[in-house]
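Coordinates from structure28.json are shown below (JSON, C-alpha atoms).
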```
[["chain", "number", "residue", "atom", "x", "y", "z"],
["A", 42, "MET", "CA", 0.00, 0.00, 0.00],
["A", 43, "ILE", "CA", 1.32, 3.40, -0.89],
["A", 44, "CYS", "CA", -0.90, 5.02, 1.66],
["A", 45, "SER", "CA", -2.95, 3.69, 4.47],
["A", 46, "GLY", "CA", -4.75, 5.68, 7.08],
["A", 47, "THR", "CA", -4.11, 5.19, 10.74],
["A", 48, "ALA", "CA", -6.85, 3.03, 12.17],
["A", 49, "GLY", "CA", -8.04, 3.23, 15.73],
["A", 50, "PRO", "CA", -10.79, 2.45, 18.21],
["A", 51, "LEU", "CA", -11.53, 5.97, 19.44],
["A", 52, "LEU", "CA", -14.85, 7.60, 18.64],
["A", 53, "ASN", "CA", -13.22, 9.93, 16.12],
["A", 54, "GLU", "CA", -11.42, 7.01, 14.46],
["A", 55, "PHE", "CA", -12.32, 4.06, 12.25],
["A", 56, "TYR", "CA", -10.81, 0.71, 11.46],
["A", 57, "SER", "CA", -11.80, -0.20, 7.91],
["A", 58, "PRO", "CA", -15.05, 1.74, 7.57],
["A", 59, "ILE", "CA", -17.14, 0.27, 4.76],
["A", 60, "GLY", "CA", -20.91, 0.76, 4.52],
["A", 61, "ILE", "CA", -22.64, 4.13, 4.91],
["A", 62, "ALA", "CA", -26.32, 4.87, 5.51],
["A", 63, "ARG", "CA", -28.11, 8.14, 6.13],
["A", 64, "ASP", "CA", -31.23, 9.22, 7.96],
["A", 65, "SER", "CA", -32.65, 11.79, 5.56],
["A", 66, "SER", "CA", -34.82, 13.34, 8.28],
["A", 67, "THR", "CA", -31.85, 14.34, 10.45],
["A", 68, "GLY", "CA", -28.93, 14.10, 8.05],
["A", 69, "ALA", "CA", -27.11, 11.78, 10.45],
["A", 70, "ILE", "CA", -24.92, 9.16, 8.83],
["A", 71, "TYR", "CA", -24.28, 5.65, 10.10],
["A", 72, "ILE", "CA", -21.03, 3.92, 9.29],
["A", 73, "ALA", "CA", -20.19, 0.22, 9.42],
["A", 74, "ASP", "CA", -16.84, 0.49, 11.20],
["A", 75, "SER", "CA", -16.03, -3.08, 10.36],
["A", 76, "VAL", "CA", -12.92, -4.10, 12.25],
["A", 77, "ASN", "CA", -14.10, -2.16, 15.31],
["A", 78, "ASN", "CA", -17.18, -4.43, 15.20],
["A", 79, "ARG", "CA", -19.59, -1.52, 15.50],
["A", 80, "ILE", "CA", -21.94, 0.88, 13.76],
["A", 81, "VAL", "CA", -21.08, 4.50, 14.50],
["A", 82, "LYS", "CA", -23.39, 7.48, 14.12],
["A", 83, "TYR", "CA", -22.19, 10.94, 13.10],
["A", 84, "SER", "CA", -24.67, 13.76, 13.46],
["A", 85, "VAL", "CA", -24.32, 16.63, 11.01],
["A", 86, "GLY", "CA", -21.23, 18.67, 11.83],
["A", 87, "SER", "CA", -19.93, 16.30, 14.50],
["A", 88, "SER", "CA", -16.22, 15.63, 14.64],
["A", 89, "SER", "CA", -16.79, 12.52, 16.70],
["A", 90, "GLY", "CA", -19.22, 9.64, 16.54],
["A", 91, "THR", "CA", -21.36, 7.68, 18.95],
["A", 92, "VAL", "CA", -21.68, 3.92, 19.00],
["A", 93, "GLU", "CA", -25.13, 2.95, 17.79],
["A", 94, "ALA", "CA", -24.68, -0.85, 17.56],
["A", 95, "GLY", "CA", -22.06, -3.34, 18.70],
["A", 96, "GLY", "CA", -18.77, -2.02, 19.96],
["A", 97, "ASN", "CA", -18.47, -4.88, 22.43],
["A", 98, "GLY", "CA", -15.82, -6.89, 20.63],
["A", 99, "ALA", "CA", -16.34, -9.45, 17.89],
["A", 100, "GLY", "CA", -18.92, -12.07, 18.75],
["A", 101, "ILE", "CA", -22.39, -13.48, 18.37],
["A", 102, "SER", "CA", -23.95, -12.22, 21.59],
["A", 103, "THR", "CA", -26.93, -9.96, 20.98],
["A", 104, "ASN", "CA", -24.91, -6.88, 21.99],
["A", 105, "GLN", "CA", -22.07, -7.74, 19.62],
["A", 106, "LEU", "CA", -21.30, -7.59, 15.91],
["A", 107, "ASN", "CA", -18.56, -9.32, 13.95],
["A", 108, "GLN", "CA", -17.01, -7.17, 11.24],
["A", 109, "PRO", "CA", -20.21, -5.62, 9.90],
["A", 110, "ASN", "CA", -19.65, -4.52, 6.31],
["A", 111, "ALA", "CA", -22.86, -2.65, 5.60],
["A", 112, "VAL", "CA", -25.70, -0.77, 7.23],
["A", 113, "TYR", "CA", -29.11, 0.27, 5.89],
["A", 114, "PHE", "CA", -31.30, 2.83, 7.64],
["A", 115, "ASP", "CA", -34.93, 1.72, 7.80],
["A", 116, "ALA", "CA", -36.92, 4.91, 8.32],
["A", 117, "SER", "CA", -40.21, 3.04, 8.67],
["A", 118, "SER", "CA", -39.09, 1.35, 11.88],
["A", 119, "ASN", "CA", -36.30, 3.71, 12.94],
["A", 120, "SER", "CA", -33.86, 0.85, 12.94],
["A", 121, "LEU", "CA", -30.63, -0.19, 11.32],
["A", 122, "ILE", "CA", -30.39, -3.29, 9.16],
["A", 123, "ILE", "CA", -26.83, -4.56, 9.42],
["A", 124, "ALA", "CA", -24.89, -6.98, 7.23],
["A", 125, "ASN", "CA", -23.07, -8.67, 10.11],
["A", 126, "THR", "CA", -20.55, -10.20, 7.78],
["A", 127, "LEU", "CA", -18.38, -12.53, 9.82],
["A", 128, "ALA", "CA", -21.34, -13.64, 11.94],
["A", 129, "ASN", "CA", -22.98, -14.75, 8.68],
["A", 130, "ASN", "CA", -26.26, -13.02, 9.45],
["A", 131, "ILE", "CA", -28.38, -9.90, 9.06],
["A", 132, "VAL", "CA", -29.28, -8.01, 12.23],
["A", 133, "ARG", "CA", -31.98, -5.46, 12.94],
["A", 134, "TRP", "CA", -30.96, -2.96, 15.60],
["A", 135, "ASN", "CA", -33.52, -0.43, 16.78],
["A", 136, "LEU", "CA", -32.03, 2.99, 17.33],
["A", 137, "GLY", "CA", -31.17, 3.44, 20.97],
["A", 138, "ALA", "CA", -31.31, -0.27, 21.71],
["A", 139, "SER", "CA", -28.45, -2.08, 23.43],
["A", 140, "VAL", "CA", -29.01, -5.35, 21.55],
["A", 141, "GLY", "CA", -29.94, -6.45, 18.05],
["A", 142, "THR", "CA", -32.05, -9.24, 16.60],
["A", 143, "VAL", "CA", -30.98, -11.65, 13.86],
["A", 144, "ILE", "CA", -33.52, -11.46, 11.03],
["A", 145, "ALA", "CA", -31.74, -13.62, 8.43],
["A", 146, "GLY", "CA", -28.97, -16.19, 8.64],
["A", 147, "SER", "CA", -27.71, -18.11, 11.62],
["A", 148, "THR", "CA", -28.06, -16.81, 15.18],
["A", 149, "SER", "CA", -25.03, -18.92, 16.13],
["A", 150, "GLY", "CA", -22.85, -17.44, 13.41],
["A", 151, "ALA", "CA", -22.79, -20.57, 11.24],
["A", 152, "SER", "CA", -22.15, -20.16, 7.54],
["A", 153, "GLY", "CA", -23.86, -22.22, 4.86],
["A", 154, "SER", "CA", -25.55, -22.27, 1.50],
["A", 155, "THR", "CA", -29.02, -23.54, 2.35],
["A", 156, "SER", "CA", -31.98, -21.17, 2.04],
["A", 157, "ASP", "CA", -31.84, -20.16, 5.71],
["A", 158, "LEU", "CA", -28.09, -19.53, 5.84],
["A", 159, "LEU", "CA", -25.62, -16.98, 4.49],
["A", 160, "TYR", "CA", -21.88, -16.97, 4.01],
["A", 161, "GLU", "CA", -20.25, -13.61, 4.72],
["A", 162, "PRO", "CA", -23.05, -11.30, 3.61],
["A", 163, "LYS", "CA", -21.47, -8.04, 2.46],
["A", 164, "ASP", "CA", -24.47, -5.82, 1.87],
["A", 165, "VAL", "CA", -28.18, -5.57, 2.48],
["A", 166, "THR", "CA", -30.94, -3.35, 1.21],
["A", 167, "MET", "CA", -34.68, -3.24, 1.74],
["A", 168, "ASP", "CA", -37.67, -2.30, -0.40],
["A", 169, "SER", "CA", -40.72, -0.36, 0.78],
["A", 170, "GLN", "CA", -42.48, -3.62, 1.65],
["A", 171, "GLY", "CA", -39.73, -4.58, 4.09],
["A", 172, "ASN", "CA", -38.31, -7.33, 1.88],
["A", 173, "LEU", "CA", -34.56, -7.83, 2.16],
["A", 174, "TYR", "CA", -31.99, -8.23, -0.60],
["A", 175, "VAL", "CA", -28.66, -9.63, 0.58],
["A", 176, "ALA", "CA", -25.32, -9.81, -1.22],
["A", 177, "ASP", "CA", -24.37, -13.31, -0.07],
["A", 178, "TYR", "CA", -20.74, -12.79, -0.92],
["A", 179, "ARG", "CA", -19.10, -16.17, -0.48],
["A", 180, "ASN", "CA", -22.10, -18.02, -1.86],
["A", 181, "ASN", "CA", -21.90, -15.93, -5.05],
["A", 182, "ARG", "CA", -25.61, -15.23, -4.94],
["A", 183, "ILE", "CA", -28.22, -12.63, -4.03],
["A", 184, "GLN", "CA", -30.77, -13.80, -1.50],
["A", 185, "PHE", "CA", -34.28, -12.34, -1.22],
["A", 186, "PHE", "CA", -36.09, -12.60, 2.10],
["A", 187, "ARG", "CA", -39.74, -11.66, 2.25],
["A", 188, "SER", "CA", -40.50, -9.42, 5.19],
["A", 189, "GLY", "CA", -40.48, -11.46, 8.37],
["A", 190, "GLN", "CA", -39.27, -14.67, 6.72],
["A", 191, "THR", "CA", -36.04, -16.48, 7.43],
["A", 192, "ASN", "CA", -35.93, -18.68, 4.34],
["A", 193, "GLY", "CA", -34.51, -16.85, 1.38],
["A", 194, "THR", "CA", -34.85, -17.26, -2.36],
["A", 195, "THR", "CA", -31.88, -16.95, -4.67],
["A", 196, "ILE", "CA", -32.74, -14.24, -7.20],
["A", 197, "ALA", "CA", -29.33, -13.79, -8.82],
["A", 198, "GLY", "CA", -26.20, -15.89, -9.15],
["A", 199, "ILE", "CA", -26.36, -19.60, -9.89],
["A", 200, "SER", "CA", -22.78, -20.32, -8.85],
["A", 201, "GLY", "CA", -19.45, -18.57, -8.85],
["A", 202, "GLY", "CA", -18.28, -17.63, -12.34],
["A", 203, "SER", "CA", -18.26, -15.00, -15.01],
["A", 204, "ILE", "CA", -21.02, -15.86, -17.46],
["A", 205, "SER", "CA", -24.06, -13.59, -17.25],
["A", 206, "GLU", "CA", -26.00, -15.93, -14.94],
["A", 207, "GLN", "CA", -23.13, -16.07, -12.50],
["A", 208, "LEU", "CA", -21.68, -13.75, -9.92],
["A", 209, "SER", "CA", -18.21, -13.76, -8.45],
["A", 210, "SER", "CA", -17.97, -12.26, -4.96],
["A", 211, "PRO", "CA", -21.01, -9.95, -5.08],
["A", 212, "PHE", "CA", -20.17, -7.04, -2.82],
["A", 213, "SER", "CA", -23.12, -4.67, -2.94],
["A", 214, "VAL", "CA", -26.80, -4.48, -3.87],
["A", 215, "ALA", "CA", -28.99, -1.49, -4.72],
["A", 216, "LEU", "CA", -32.55, -0.98, -5.95],
["A", 217, "ASP", "CA", -33.71, 1.71, -8.36],
["A", 218, "SER", "CA", -37.09, 3.44, -8.24],
["A", 219, "LYS", "CA", -38.66, 0.59, -10.24],
["A", 220, "LEU", "CA", -37.16, -2.07, -7.94],
["A", 221, "ASN", "CA", -34.71, -3.25, -10.55],
["A", 222, "LEU", "CA", -31.73, -4.73, -8.76],
["A", 223, "TYR", "CA", -28.11, -3.74, -9.31],
["A", 224, "VAL", "CA", -25.26, -5.91, -8.07],
["A", 225, "ALA", "CA", -21.60, -4.92, -7.73],
["A", 226, "ASP", "CA", -20.06, -8.11, -9.11],
["A", 227, "TRP", "CA", -16.72, -7.42, -7.47],
["A", 228, "ASN", "CA", -14.50, -10.11, -8.86],
["A", 229, "ASN", "CA", -15.99, -9.89, -12.35],
["A", 230, "HIS", "CA", -15.28, -6.13, -12.41],
["A", 231, "ARG", "CA", -18.81, -5.32, -13.52],
["A", 232, "VAL", "CA", -22.22, -4.21, -12.30],
["A", 233, "GLN", "CA", -25.12, -6.50, -13.18],
["A", 234, "LYS", "CA", -28.73, -5.35, -13.50],
["A", 235, "TYR", "CA", -31.71, -7.63, -12.90],
["A", 236, "LEU", "CA", -35.27, -6.67, -13.70],
["A", 237, "ARG", "CA", -37.65, -6.42, -10.77],
["A", 238, "PHE", "CA", -38.11, -9.70, -8.91],
["B", 228, "MET", "CA", -11.51, -7.83, -17.26],
["B", 229, "PRO", "CA", -10.48, -5.09, -14.88],
["B", 230, "GLY", "CA", -9.42, -1.75, -16.28],
["B", 231, "SER", "CA", -9.34, 1.94, -15.65],
["B", 232, "SER", "CA", -10.89, 3.41, -18.80],
["B", 233, "SER", "CA", -14.34, 5.05, -18.65],
["B", 234, "THR", "CA", -16.01, 1.79, -19.70],
["B", 235, "LEU", "CA", -14.21, -0.45, -17.22],
["B", 236, "LEU", "CA", -14.11, -1.08, -13.50],
["B", 237, "HIS", "CA", -11.70, -2.73, -11.09],
["B", 238, "ASN", "CA", -13.38, -4.43, -8.14],
["B", 239, "PRO", "CA", -16.60, -2.40, -7.91],
["B", 240, "ALA", "CA", -17.53, -2.53, -4.24],
["B", 241, "GLY", "CA", -20.41, -0.20, -3.46],
["B", 242, "LEU", "CA", -23.48, 1.14, -5.24],
["B", 243, "ALA", "CA", -25.86, 4.03, -4.80],
["B", 244, "ILE", "CA", -28.81, 5.10, -6.93],
["B", 245, "ASP", "CA", -30.28, 8.59, -6.77],
["B", 246, "ALA", "CA", -33.87, 9.68, -7.28],
["B", 247, "SER", "CA", -33.28, 9.96, -11.04],
["B", 248, "ASP", "CA", -31.98, 6.38, -11.12],
["B", 249, "THR", "CA", -28.46, 7.52, -11.84],
["B", 250, "LEU", "CA", -26.03, 4.88, -10.64],
["B", 251, "TYR", "CA", -22.92, 5.64, -8.58],
["B", 252, "ILE", "CA", -20.22, 3.00, -8.22],
["B", 253, "THR", "CA", -17.22, 2.84, -5.92],
["B", 254, "ASP", "CA", -14.58, 1.60, -8.31],
["B", 255, "SER", "CA", -12.40, 0.52, -5.44],
["B", 256, "GLN", "CA", -9.10, -0.45, -7.03],
["B", 257, "ASN", "CA", -9.23, 2.54, -9.36],
["B", 258, "HIS", "CA", -9.73, 4.74, -6.25],
["B", 259, "ARG", "CA", -12.62, 6.61, -7.84],
["B", 260, "ILE", "CA", -16.39, 7.04, -7.90],
["B", 261, "GLN", "CA", -18.02, 6.51, -11.28],
["B", 262, "LYS", "CA", -21.43, 7.87, -12.26],
["B", 263, "TYR", "CA", -23.58, 6.17, -14.89],
["B", 264, "ALA", "CA", -26.74, 7.69, -16.33],
["B", 265, "ILE", "CA", -29.53, 5.23, -17.11],
["B", 266, "GLY", "CA", -28.50, 3.00, -19.99],
["B", 267, "ALA", "CA", -25.02, 4.48, -20.28],
["B", 268, "THR", "CA", -22.18, 2.16, -21.17],
["B", 269, "SER", "CA", -19.47, 4.43, -19.87],
["B", 270, "GLY", "CA", -19.12, 6.32, -16.65],
["B", 271, "THR", "CA", -17.93, 9.74, -15.65],
["B", 272, "THR", "CA", -15.69, 10.19, -12.67],
["B", 273, "VAL", "CA", -17.22, 12.30, -9.91],
["B", 274, "ALA", "CA", -14.54, 11.71, -7.26],
["B", 275, "SER", "CA", -11.08, 10.31, -7.68],
["B", 276, "GLN", "CA", -7.70, 10.00, -6.10],
["B", 277, "VAL", "CA", -5.64, 13.13, -6.27],
["B", 278, "PRO", "CA", -1.87, 13.28, -5.78],
["B", 279, "GLY", "CA", -0.84, 13.26, -2.18],
["B", 280, "ALA", "CA", -1.82, 11.25, 0.80],
["B", 281, "CYS", "CA", -4.71, 10.59, 3.14],
["B", 282, "VAL", "CA", -4.42, 14.00, 4.79],
["B", 283, "ASN", "CA", -5.55, 15.60, 1.53],
["B", 284, "PRO", "CA", -9.34, 16.05, 1.89],
["B", 285, "SER", "CA", -9.88, 14.90, -1.71],
["B", 286, "TYR", "CA", -7.70, 11.82, -1.55],
["B", 287, "LEU", "CA", -9.23, 8.36, -1.92],
["B", 288, "PHE", "CA", -7.61, 5.02, -1.25],
["B", 289, "VAL", "CA", -9.66, 1.90, -1.88],
["B", 290, "PRO", "CA", -13.08, 3.44, -1.31],
["B", 291, "ASN", "CA", -15.72, 0.82, -0.55],
["B", 292, "ASP", "CA", -19.12, 2.45, -0.38],
["B", 293, "VAL", "CA", -20.94, 5.47, -1.74],
["B", 294, "LEU", "CA", -24.15, 7.20, -0.73],
["B", 295, "VAL", "CA", -25.96, 10.03, -2.50],
["B", 296, "ASP", "CA", -28.46, 12.22, -0.69],
["B", 297, "SER", "CA", -31.46, 13.98, -2.22],
["B", 298, "ASN", "CA", -29.37, 17.10, -2.83],
["B", 299, "GLY", "CA", -26.77, 15.19, -4.81],
["B", 300, "ASN", "CA", -24.11, 15.26, -2.12],
["B", 301, "ILE", "CA", -21.85, 12.23, -2.34],
["B", 302, "TYR", "CA", -20.56, 10.45, 0.76],
["B", 303, "VAL", "CA", -17.70, 7.98, 0.35],
["B", 304, "SER", "CA", -16.22, 5.50, 2.80],
["B", 305, "ASP", "CA", -12.52, 5.86, 2.16],
["B", 306, "THR", "CA", -11.61, 2.56, 3.74],
["B", 307, "GLY", "CA", -7.89, 2.72, 3.06],
["B", 308, "CYS", "CA", -7.60, 6.13, 4.71],
["B", 309, "GLN", "CA", -9.96, 5.26, 7.59],
["B", 310, "ARG", "CA", -12.16, 8.25, 6.80],
["B", 311, "ILE", "CA", -15.53, 9.31, 5.45],
["B", 312, "ARG", "CA", -15.37, 11.94, 2.75],
["B", 313, "LEU", "CA", -18.00, 14.22, 1.27],
["B", 314, "TRP", "CA", -18.24, 15.72, -2.18],
["B", 315, "THR", "CA", -20.94, 18.35, -2.15],
["B", 316, "THR", "CA", -23.02, 18.64, -5.30],
["B", 317, "GLY", "CA", -20.81, 19.42, -8.26],
["B", 318, "ALA", "CA", -17.69, 19.89, -6.14],
["B", 319, "VAL", "CA", -14.33, 18.98, -7.61],
["B", 320, "ASN", "CA", -12.75, 18.60, -4.20],
["B", 321, "GLY", "CA", -13.85, 16.51, -1.28],
["B", 322, "THR", "CA", -13.90, 17.14, 2.46],
["B", 323, "ALA", "CA", -13.05, 14.68, 5.19],
["B", 324, "ILE", "CA", -16.09, 14.69, 7.49],
["B", 325, "ALA", "CA", -15.37, 11.79, 9.86],
["B", 326, "GLY", "CA", -12.32, 9.93, 11.05],
["B", 327, "THR", "CA", -8.88, 11.23, 11.85],
["B", 328, "GLY", "CA", -6.96, 8.60, 9.88],
["B", 329, "LYS", "CA", -3.95, 9.98, 8.06]]
```
Structure rendered as structure tokens:
Amino acid sequence: MICSGTAGPLLNEFYSPIGIARDSSTGAIYIADSVNNRIVKYSVGSSSGTVEAGGNGAGISTNQLNQPNAVYFDASSNSLIIANTLANNIVRWNLGASVGTVIAGSTSGASGSTSDLLYEPKDVTMDSQGNLYVADYRNNRIQFFRSGQTNGTTIAGISGGSISEQLSSPFSVALDSKLNLYVADWNNHRVQKYLRF
Amino acid sequence: MPGSSSTLLHNPAGLAIDASDTLYITDSQNHRIQKYAIGATSGTTVASQVPGACVNPSYLFVPNDVLVDSNGNIYVSDTGCQRIRLWTTGAVNGTAIAGTGK
């Protein structure tokens, strides 16, 4: 590396910050401070953050996260939806709460490729119906979880590879206004678009 | 294949879509943010690495995520520099808004 920032655990520092989310009503941003195992909130103009989720070391206890890579702000429930990457699950964390709840993937941190498991999910987004779209990174697939359900459906990626039906290390998901899905297909150096599921 | 021309990407890591369905991509190993209008096959660079080091407010080093607000401000997680940076609408230069990493 020709340049690398100095990482740290203080509240004005990060250690590999990755995902960003924003509460449009307040302008506050939430950052997945991955190696610090926490989600940090910065209010507008703040030079220091506050811990909103995790920050209790890496682990699978309900007050812990394990290298979260992404965070989504759900305005409808005033909660954060967190891709809790190394715990192989997706967590909902109500703002102000001291613990989170696993809403997809294993509560014990197990990885897997069945419909109820994930393997290092890197990103998560949600549509207006509360359905989840998860970049299931090491399974080379995108999983769709209907609101409230813990069994997912694979909606993109049939296996790891580079033909158009395949994904290779999908890193991020996003929805446009028509609910078409975009996937950052990291290791194929491309972005794939899928029509609305 | 990875590449750094306007039609190529190198390890795209994060996506954002604004209200007009314009797509923003963190092109992580090219240390830049690319913007694609609907249907475009090439991108324009809206934030990129400038000469210098992490202390430069506009520097980027392996950015991983991007977020665009309703005013068109662009937030970038500059993972390699341990900072969050902001490009206000149309700005050429960024500002470090969180993190002291240098």
Discussion item. Within 12 Å of (-23.9, -14.7, 9.2) (file coordinates; only C-alpha atoms), which protein or nucleic acid residues are there? I'd like them as a PyMOL selection string.
Written reply: chain A and resi 100-101+106-110+123-132+143-154+157-164+175-180
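Between atom CA of Asp296 of chain B and atom CA of Asp248 of chain B there is a distance of 12.5 Å.
For the pair atom CA of Ser117 of chain A and atom CA of Gly171 of chain A, the separation is 8.9 Å.
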Item to complete: For Trp134 of chain A, list every protein, DNA or RNA residue within 6 Å, evaluated using all atoms listed in the file, and leave out those in the same chain fewer than 4 positions away; present the list as an MDAnalysis selection string.
Response: chainID A and resid 120:121 141
Discussion item. Just want the 9 Å neighbourhood of segment 311-321 of chain B, counted on only C-alpha atoms, with same-chain residues fewer than 2 positions away dropped. Output as a ChimeraX atom specification.
Written reply: /A:58,61,72 /B:273-274,283-287,298-306,308-309,323-326
Listing only residues of chain B within 9 Å of chain A, what is the closest atom pair and its distance in Å (to one decimal) for each, using all atoms listed in the file, sorted by chain and residue number ascending, as a Markdown table?
```
| residue | atom | partner | partner_atom | distance |
| --- | --- | --- | --- | --- |
| B:Met228 | CA | A:His230 | CA | 6.4 |
| B:Pro229 | CA | A:His230 | CA | 5.5 |
| B:Gly230 | CA | A:His230 | CA | 8.3 |
| B:Leu235 | CA | A:His230 | CA | 7.5 |
| B:Leu236 | CA | A:His230 | CA | 5.3 |
| B:His237 | CA | A:His230 | CA | 5.1 |
| B:Asn238 | CA | A:Trp227 | CA | 4.5 |
| B:Pro239 | CA | A:Trp227 | CA | 5.0 |
| B:Ala240 | CA | A:Phe212 | CA | 5.4 |
| B:Gly241 | CA | A:Ser213 | CA | 5.3 |
| B:Leu242 | CA | A:Ala215 | CA | 6.1 |
| B:Ala243 | CA | A:Ala215 | CA | 6.3 |
| B:Ile244 | CA | A:Asp217 | CA | 6.1 |
| B:Asp245 | CA | A:Asp217 | CA | 7.9 |
| B:Ala246 | CA | A:Ser218 | CA | 7.1 |
| B:Ser247 | CA | A:Ser218 | CA | 8.1 |
| B:Asp248 | CA | A:Asp217 | CA | 5.7 |
| B:Thr249 | CA | A:Asp217 | CA | 8.6 |
| B:Leu250 | CA | A:Asp217 | CA | 8.6 |
| B:Ile252 | CA | A:Ala225 | CA | 8.1 |
| B:Asp254 | CA | A:His230 | CA | 8.8 |
| B:Ala280 | CA | A:Cys44 | CA | 6.4 |
| B:Cys281 | CA | A:Gly46 | CA | 6.3 |
| B:Val282 | CA | A:Gly46 | CA | 8.6 |
| B:Phe288 | CA | A:Cys44 | CA | 7.3 |
| B:Pro290 | CA | A:Ile59 | CA | 8.0 |
| B:Asn291 | CA | A:Ile59 | CA | 5.5 |
| B:Asp292 | CA | A:Gly60 | CA | 5.5 |
| B:Val293 | CA | A:Ile61 | CA | 7.0 |
| B:Leu294 | CA | A:Ile61 | CA | 6.6 |
| B:Asp296 | CA | A:Ser65 | CA | 7.5 |
| B:Ser297 | CA | A:Ser65 | CA | 8.2 |
| B:Tyr302 | CA | A:Ile61 | CA | 7.8 |
| B:Val303 | CA | A:Ile61 | CA | 7.7 |
| B:Ser304 | CA | A:Ile59 | CA | 5.7 |
| B:Asp305 | CA | A:Pro58 | CA | 7.3 |
| B:Thr306 | CA | A:Ser57 | CA | 5.0 |
| B:Gly307 | CA | A:Ser45 | CA | 5.2 |
| B:Cys308 | CA | A:Gly46 | CA | 3.7 |
| B:Gln309 | CA | A:Gly46 | CA | 5.3 |
| B:Arg310 | CA | A:Phe55 | CA | 6.9 |
| B:Ile311 | CA | A:Pro58 | CA | 7.9 |
| B:Ile324 | CA | A:Ser88 | CA | 7.2 |
| B:Ala325 | CA | A:Ser88 | CA | 6.2 |
| B:Gly326 | CA | A:Glu54 | CA | 4.6 |
| B:Thr327 | CA | A:Glu54 | CA | 5.6 |
| B:Gly328 | CA | A:Thr47 | CA | 4.5 |
| B:Lys329 | CA | A:Gly46 | CA | 4.5 |
```
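Here atom CA of Asn181 of chain A is placed at a distance of 5.2 Å from atom CA of Gly201 of chain A.
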Using only the atoms of segment 58-77 of chain A listed in the file, plus 8 Å on each side, state the axis-aligned box centre and edge lengths in Å rounded to one decimal, as AutoDock Vina command-line options.
```
--center_x -23.9 --center_y 5.1 --center_z 9.9 --size_x 37.9 --size_y 34.4 --size_z 26.8
```
Worksheet item: So which residues touch Ser188 of chain A within 9 Å, counting all atoms listed in the file, skipping near sequence neighbours fewer than 2 positions away, as a ChimeraX atom specification?
Response: /A:170-173,186,190-191
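Of the listed residues A:Ala69, A:Ile183, A:Ile80, A:Leu222, the one whose atoms come nearest to Ile199 of chain A is A:Ile183, with distances taken using all atoms listed in the file.
When only C-alpha atoms are used to compute distances to Ser232 of chain B, the closest of the residues B:Val295, B:Gly279, B:Gly270, B:Val289 turns out to be B:Gly270.
Of the listed residues (A:Thr91, A:Asn97, A:Gln207, A:Gln105), A:Gln207 comes nearest to Gln233 of chain A; the distances count all atoms listed in the file.
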Would you pick out the contacts of Arg259 of chain B at 7 Å or less, using all atoms listed in the file, so that residues sharing its chain but fewer than 4 positions from it are not included, and give the list as an mmCIF file with C-alpha atoms, in the frame of the given file?
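Resulting contents of out_18.cif:
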```cif
data_model
loop_
_atom_site.group_PDB
_atom_site.id
_atom_site.type_symbol
_atom_site.label_atom_id
_atom_site.label_comp_id
_atom_site.auth_asym_id
_atom_site.auth_seq_id
_atom_site.Cartn_x
_atom_site.Cartn_y
_atom_site.Cartn_z
ATOM 1 C CA THR B 253 -17.220 2.840 -5.920
ATOM 2 C CA ASP B 254 -14.580 1.600 -8.310
ATOM 3 C CA SER B 255 -12.400 0.520 -5.440
ATOM 4 C CA THR B 272 -15.690 10.190 -12.670
ATOM 5 C CA ALA B 274 -14.540 11.710 -7.260
ATOM 6 C CA SER B 275 -11.080 10.310 -7.680
ATOM 7 C CA GLN B 276 -7.700 10.000 -6.100
#
```
